[in-house]
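One file, final-v8.cif, carrying mmCIF, C-alpha atoms:
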data_entry
loop_
_atom_site.label_atom_id
_atom_site.label_comp_id
_atom_site.auth_asym_id
_atom_site.auth_seq_id
_atom_site.Cartn_x
_atom_site.Cartn_y
_atom_site.Cartn_z
CA VAL I 1274 -1.42 -2.80 29.08
CA SER I 1275 1.99 -1.17 29.12
CA THR I 1276 2.57 2.18 27.50
CA GLN I 1277 5.40 0.66 25.44
CA SER I 1278 2.82 -1.15 23.31
CA THR I 1279 0.92 1.98 22.41
CA TRP I 1280 1.59 4.83 20.07
CA VAL I 1281 0.53 7.56 22.46
CA GLY I 1282 2.96 7.90 25.30
CA SER I 1283 5.86 5.98 23.76
CA ASP I 1284 7.69 8.45 21.53
CA THR I 1285 5.46 11.44 20.93
CA SER I 1286 7.68 14.48 21.37
CA LEU I 1287 8.05 16.84 18.43
CA CYS I 1288 11.77 16.04 18.29
CA SER I 1289 11.53 12.27 18.20
CA LYS I 1290 12.45 9.23 16.15
CA ASN I 1291 8.80 8.75 15.18
CA LEU I 1292 8.52 12.21 13.67
CA PHE I 1293 11.83 11.79 11.86
CA LEU I 1294 10.56 8.54 10.34
CA MET I 1295 7.31 10.20 9.30
CA MET I 1296 9.00 13.10 7.50
CA PRO I 1297 9.33 11.28 4.15
CA ILE I 1298 5.63 10.44 3.95
CA LEU I 1299 4.62 13.94 5.10
CA PHE I 1300 6.80 15.39 2.34
CA LEU I 1301 5.41 12.84 -0.14
CA THR I 1302 1.81 13.99 0.33
CA GLY I 1303 2.67 17.31 -1.30
CA PHE I 1304 5.33 16.02 -3.70
CA GLU I 1305 3.17 13.33 -5.31
CA LEU I 1306 0.08 15.51 -5.66
CA ALA I 1307 2.10 18.25 -7.35
CA TRP I 1308 3.48 15.66 -9.77
CA ALA I 1309 0.03 14.24 -10.44
CA THR I 1310 -1.55 17.63 -11.20
CA GLY I 1311 1.46 19.38 -12.71
CA GLU I 1312 3.71 16.96 -14.61
CA PHE I 1313 1.57 13.88 -15.18
CA PRO I 1314 -0.89 15.59 -17.58
CA TYR I 1315 2.05 16.30 -19.91
CA ILE I 1316 2.70 12.56 -19.97
CA PHE I 1317 -0.77 11.25 -20.84
CA ALA I 1318 -1.86 14.28 -22.92
CA PRO I 1319 1.29 15.80 -24.45
CA HIS I 1320 -0.41 17.26 -27.53
CA LYS I 1321 -2.52 20.39 -27.66
CA ASN I 1322 -5.48 18.64 -29.25
CA GLN I 1323 -5.64 16.31 -26.22
CA ALA I 1324 -5.91 19.08 -23.62
CA ALA I 1325 -9.71 18.81 -23.48
CA SER I 1326 -9.39 15.21 -22.24
CA ILE I 1327 -7.37 16.15 -19.14
CA PRO I 1328 -10.42 17.12 -17.01
CA LEU I 1329 -12.10 13.84 -17.99
CA ALA I 1330 -9.08 11.88 -16.78
CA PHE I 1331 -9.11 13.73 -13.48
CA LEU I 1332 -12.74 12.72 -12.99
CA ALA I 1333 -11.31 9.27 -12.38
CA PHE I 1334 -8.92 10.83 -9.86
CA GLY I 1335 -11.80 12.50 -8.03
CA ALA I 1336 -13.90 9.34 -8.09
CA ALA I 1337 -11.06 7.37 -6.52
CA GLU I 1338 -10.57 10.01 -3.82
CA THR I 1339 -14.29 9.84 -3.00
CA LEU I 1340 -14.52 6.06 -2.95
CA GLY I 1341 -11.30 5.85 -0.97
CA ALA I 1342 -12.57 8.26 1.66
CA LEU I 1343 -15.56 5.95 2.21
CA ALA I 1344 -13.61 2.69 2.27
CA ILE I 1345 -10.07 3.26 3.54
CA GLY I 1346 -11.01 3.76 7.20
CA GLY I 1347 -12.84 0.45 7.39
CA LEU I 1348 -10.10 -1.32 5.43
CA SER I 1349 -7.46 0.00 7.81
CA ASP I 1350 -9.45 -1.25 10.81
CA ARG I 1351 -9.59 -4.69 9.28
CA ILE I 1352 -6.06 -5.21 7.94
CA GLY I 1353 -4.06 -2.59 9.85
CA ARG I 1354 -2.26 0.52 8.74
CA LYS I 1355 0.90 -1.30 7.78
CA LEU I 1356 -0.76 -3.17 4.94
CA THR I 1357 -3.05 -0.26 4.04
CA VAL I 1358 -0.15 2.16 3.50
CA THR I 1359 1.73 -0.54 1.59
CA LEU I 1360 -1.24 -1.00 -0.74
CA GLY I 1361 -1.37 2.76 -1.27
CA GLY I 1362 2.31 2.77 -2.20
CA VAL I 1363 1.82 -0.16 -4.59
CA ALA I 1364 -1.10 1.66 -6.26
CA TYR I 1365 1.07 4.74 -6.80
CA LEU I 1366 3.95 2.70 -8.21
CA ALA I 1367 1.51 1.00 -10.58
CA ALA I 1368 0.31 4.43 -11.75
CA ILE I 1369 3.89 5.53 -12.40
CA ALA I 1370 4.52 2.31 -14.33
CA LEU I 1371 1.51 3.18 -16.50
CA ALA I 1372 3.00 6.64 -16.96
CA TYR I 1373 6.09 5.03 -18.49
CA VAL I 1374 3.84 2.96 -20.76
CA LEU I 1375 1.98 6.10 -21.87
CA GLU I 1376 5.27 7.86 -22.55
CA ASP I 1377 6.39 5.01 -24.80
CA GLU I 1378 3.04 5.03 -26.60
CA HIS I 1379 3.33 8.71 -27.48
CA LYS I 1380 6.79 8.20 -28.96
CA THR I 1381 5.30 5.97 -31.68
CA VAL I 1382 2.27 8.17 -32.47
CA ILE I 1383 2.73 10.20 -35.64
CA ASP I 1384 -0.74 11.76 -35.91
CA PRO I 1385 -2.12 12.08 -32.35
CA VAL I 1386 -5.86 11.89 -31.81
CA GLU I 1387 -7.89 14.05 -29.46
CA THR I 1388 -8.71 11.20 -27.08
CA ILE I 1389 -6.29 9.81 -24.54
CA SER I 1390 -5.38 6.23 -23.72
CA ILE I 1391 -7.48 4.15 -21.34
CA TYR I 1392 -4.26 3.72 -19.35
CA ALA I 1393 -4.44 7.42 -18.48
CA TYR I 1394 -7.82 6.95 -16.80
CA ILE I 1395 -6.58 3.88 -14.93
CA ALA I 1396 -3.45 5.72 -13.80
CA CYS I 1397 -5.47 8.73 -12.60
CA PHE I 1398 -7.78 6.43 -10.66
CA LEU I 1399 -4.82 4.67 -9.03
CA ILE I 1400 -3.20 8.00 -8.14
CA GLY I 1401 -6.41 9.24 -6.53
CA LEU I 1402 -6.81 6.01 -4.59
CA ALA I 1403 -3.19 6.06 -3.42
CA ASP I 1404 -3.36 9.74 -2.48
CA CYS I 1405 -6.49 9.18 -0.40
CA THR I 1406 -5.06 6.05 1.24
CA ILE I 1407 -1.81 7.71 2.28
CA ASN I 1408 -3.44 10.93 3.47
CA VAL I 1409 -6.04 9.15 5.59
CA GLN I 1410 -3.35 7.14 7.35
CA VAL I 1411 -1.10 10.17 7.83
CA TYR I 1412 -3.86 12.23 9.45
CA ALA I 1413 -4.93 9.35 11.69
CA THR I 1414 -1.38 8.53 12.72
CA LEU I 1415 -0.47 12.11 13.55
CA GLY I 1416 -3.71 12.53 15.47
CA GLU I 1417 -2.92 9.53 17.64
CA LEU I 1418 0.80 10.10 18.07
CA TYR I 1419 0.55 13.79 18.86
CA SER I 1420 -2.88 14.28 20.39
CA GLU I 1421 -1.43 16.68 22.96
CA ASN I 1422 0.52 18.68 20.35
CA SER I 1423 -1.96 18.57 17.49
CA VAL I 1424 -1.65 22.23 16.49
CA LYS I 1425 2.13 22.13 16.28
CA ILE I 1426 2.34 18.77 14.53
CA PHE I 1427 -0.25 19.62 11.89
CA THR I 1428 1.50 22.93 11.29
CA ALA I 1429 4.72 20.99 10.69
CA PHE I 1430 2.79 18.61 8.44
CA GLN I 1431 1.39 21.43 6.32
CA MET I 1432 4.83 23.00 6.07
CA LEU I 1433 6.48 19.78 4.83
CA GLN I 1434 3.57 19.12 2.48
CA ASN I 1435 3.80 22.58 0.93
CA VAL I 1436 7.58 22.37 0.62
CA GLY I 1437 7.14 19.09 -1.25
CA SER I 1438 4.61 20.70 -3.60
CA VAL I 1439 6.83 23.69 -4.31
CA ILE I 1440 9.87 21.53 -5.07
CA MET I 1441 7.95 19.36 -7.50
CA TYR I 1442 6.28 22.29 -9.25
CA ILE I 1443 9.59 24.07 -9.88
CA SER I 1444 11.66 20.94 -10.64
CA PRO I 1445 10.60 20.52 -14.31
CA LEU I 1446 11.40 24.15 -15.11
CA THR I 1447 14.71 23.98 -13.26
CA LEU I 1448 15.71 20.72 -14.95
CA THR I 1449 14.84 22.12 -18.38
CA MET I 1450 16.98 25.20 -17.75
CA ILE I 1451 19.91 23.04 -16.62
CA ILE I 1452 19.63 20.84 -19.71
CA ASN I 1453 19.45 23.84 -22.01
CA LYS I 1454 22.66 25.28 -20.54
CA SER I 1455 24.55 21.98 -20.58
CA GLU I 1456 26.52 20.49 -23.46
CA TRP I 1457 23.81 17.88 -23.82
CA GLY I 1458 21.16 20.55 -24.25
CA ALA I 1459 23.33 22.49 -26.68
CA GLY I 1460 24.18 19.59 -28.94
CA GLY I 1461 23.07 16.07 -28.11
CA CYS I 1462 19.54 16.63 -26.89
CA ASP I 1463 16.86 18.04 -29.16
CA GLY I 1464 13.71 19.87 -28.16
CA ALA I 1465 11.61 16.71 -28.18
CA THR I 1466 14.00 14.73 -25.99
CA GLN I 1467 14.43 17.33 -23.26
CA PRO I 1468 10.84 17.08 -21.96
CA GLU I 1469 11.12 13.27 -22.04
CA LEU I 1470 14.18 13.43 -19.82
CA VAL I 1471 12.43 15.79 -17.40
CA LYS I 1472 9.40 13.49 -17.25
CA LEU I 1473 11.65 10.51 -16.59
CA VAL I 1474 13.53 12.25 -13.77
CA THR I 1475 10.42 13.61 -12.04
CA SER I 1476 8.48 10.33 -12.33
CA SER I 1477 11.44 8.33 -11.03
CA SER I 1478 11.90 10.71 -8.11
CA VAL I 1479 8.27 10.25 -7.09
CA ALA I 1480 8.61 6.47 -7.34
CA GLY I 1481 11.74 6.52 -5.21
CA LEU I 1482 10.13 8.74 -2.58
CA VAL I 1483 7.07 6.48 -2.44
CA VAL I 1484 9.28 3.49 -1.63
CA ILE I 1485 11.27 5.41 0.99
CA SER I 1486 8.10 6.80 2.57
CA VAL I 1487 6.38 3.43 2.85
CA LEU I 1488 9.46 1.74 4.31
CA SER I 1489 9.94 4.58 6.77
CA TYR I 1490 6.29 4.41 7.83
CA LEU I 1491 6.55 0.67 8.35
CA CYS I 1492 9.43 1.22 10.76
CA ILE I 1493 7.11 3.29 12.95
CA HIS I 1494 4.38 0.67 12.69
CA ASN I 1495 6.75 -2.16 13.60
CA GLU I 1496 7.59 -0.50 16.90
CA SER I 1497 3.98 -1.03 17.98
CA GLU I 1498 3.15 -4.16 16.02
CA ALA I 1499 2.36 -6.01 19.22
CA ALA I 1500 -0.34 -3.44 19.95
CA TYR I 1501 -2.34 -4.31 16.85
CA GLN I 1502 -5.12 -6.79 17.49
CA SER I 1503 -7.75 -8.53 15.42
CA PRO I 1504 -11.04 -6.71 14.65
CA GLN I 1505 -12.89 -8.99 17.09
CA LYS I 1506 -10.91 -7.53 20.01
CA THR I 1507 -10.77 -3.94 18.83
CA SER I 1508 -13.88 -2.63 20.62
CA THR I 1509 -12.94 -4.15 23.99
CA THR I 1510 -9.33 -3.03 23.73
CA PHE I 1511 -10.30 0.47 22.66
CA ALA I 1512 -12.69 0.83 25.58
CA THR I 1513 -10.03 -0.37 28.02
CA LEU I 1514 -7.38 1.96 26.67
CA THR I 1515 -9.72 4.92 26.44
CA SER I 1516 -10.48 4.58 30.13
CA ARG I 1517 -6.74 4.82 30.74
CA GLY I 1518 -6.29 7.80 28.43
CA GLN I 1519 -4.49 5.77 25.75
CA THR I 1520 -5.27 4.85 22.16
CA ARG I 1521 -4.10 1.60 20.65
CA PHE I 1522 -2.73 1.56 17.12
#

Re-express the file's structure as structure tokens.
Amino acid sequence: VSTQSTWVGSDTSLCSKNLFLMMPILFLTGFELAWATGEFPYIFAPHKNQAASIPLAFLAFGAAETLGALAIGGLSDRIGRKLTVTLGGVAYLAAIALAYVLEDEHKTVIDPVETISIYAYIACFLIGLADCTINVQVYATLGELYSENSVKIFTAFQMLQNVGSVIMYISPLTLTMIINKSEWGAGGCDGATQPELVKLVTSSSVAGLVVISVLSYLCIHNESEAAYQSPQKTSTTFATLTSRGQTRF
């Protein structure tokens, strides 16, 4: 088995093409979670009398994270990381699409009730599932690519993740301040429309980053596509590569 068909040993330096291609998804792990916990609740529960339903919705998020942690590893072994990460991205895009549906629903509600839409629970479940799926693959990929530089690479990962979280948490406030100081905010945009614009911009930015991250991750996977084998051959291949100090993707 040549080293060109493996992740470890092919392009594993900390200043490499692989790391550059992984940066979007490393950034996404913080960016999307900050959106889910910071901005998304204002979309599915925009009224004060609905605030008590937010923890209930995030029970679905936690349930998906738990179920995903039990299932994603086995799923990845069966279908490969390429398809697993793609499914995680699709789940997140579906959740964002539901966010747009929820936003449209609240525009037509005159007397809001205390409960929230069933779509909110579905969206939270999808976000939790996507978050778990992406994080599991990121940790596994970094562990294999940079086994000899694990401390440095996971430090870089945490840094990018936290930067993504900070940017998303401050973006709504910054956008609102910009709108308020603009001509649009002064005349053509009322108090109810401003938050809608902020929600649209932040949700769209997450959707765009999800697409970029998945495509970028697939570029890394494609470089070692030949190394992926069927589940029937995994145990034999792994044993062979382990004896040579290599790990097959």

Exercise. What lies within 8 Å of segment 1323-1327 of chain I using all atoms listed in the file, ignoring chain neighbours under 3 positions off, as a VMD selection string?
Worked result: chain I and resid 1314 1318 to 1320 1330 to 1331 1386 to 1389

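Using all atoms listed in the file for every distance, the candidate list I:Ala1333, I:Val1436, I:Leu1488, I:Val1363 yields I:Ala1333 as the residue closest to Gly1401 of chain I.
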
Please tabulate, as a Markdown table, the residues of segment 1388-1428 of chain I that come within 9 Å of segment 1338-1347 of chain I, each with its closest pair of atoms and the distance in Å to one decimal, counting all atoms listed in the file and ordering rows by chain, then residue number upward.
| residue | atom | partner | partner_atom | distance |
| --- | --- | --- | --- | --- |
| I:Phe1398 | CA | I:Glu1338 | CA | 8.2 |
| I:Ile1400 | CA | I:Glu1338 | CA | 8.8 |
| I:Gly1401 | CA | I:Glu1338 | CA | 5.0 |
| I:Leu1402 | CA | I:Glu1338 | CA | 5.5 |
| I:Ala1403 | CA | I:Glu1338 | CA | 8.4 |
| I:Asp1404 | CA | I:Glu1338 | CA | 7.3 |
| I:Cys1405 | CA | I:Glu1338 | CA | 5.4 |
| I:Thr1406 | CA | I:Ile1345 | CA | 6.2 |
| I:Val1409 | CA | I:Ile1345 | CA | 7.4 |
| I:Gln1410 | CA | I:Gly1346 | CA | 8.4 |

Problem set entry | Matched chain/residue IDs from the PyMOL selection byres ((chain I and resi 1483) around 8), as a PyMOL selection string | chain I and resi 1298+1301+1362+1365-1366+1479-1482+1484-1487

For this session: Using the chain letters and numbers from the file, give me the residues hit by the PyMOL selection byres ((chain I and resi 1475) around 9), as a PyMOL selection string.
Result: chain I and resi 1308+1312+1441+1444-1445+1470-1474+1476-1480

For this session: Just the residues within 12 Å of Ala1413 of chain I, please, counting only C-alpha atoms, with nothing from its chain fewer than 2 positions along; format it as a VMD selection string.
Result: chain I and resid 1280 1345 to 1346 1349 to 1350 1354 1358 1406 to 1411 1415 to 1420 1423 1427 1520 to 1522

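Going from atom CA of Phe1313 of chain I to atom CA of Ser1438 of chain I covers 13.8 Å.
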
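Nearest-residue note for Leu1332 of chain I: choosing from I:Leu1306, I:Ile1352, I:Leu1371, I:Leu1399, the minimum distance belongs to I:Leu1399, counting all atoms listed in the file.
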
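For the choices I:Phe1334, I:Phe1317, I:Phe1293, I:Tyr1373, the atom-to-atom distance to Ile1391 of chain I is smallest for I:Phe1317 when using all atoms listed in the file.
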
For this session: Could you check how far atom CA of Gln1431 of chain I sits from atom CA of Leu1491 of chain I, in Å to one decimal?
Result: 21.5 Å
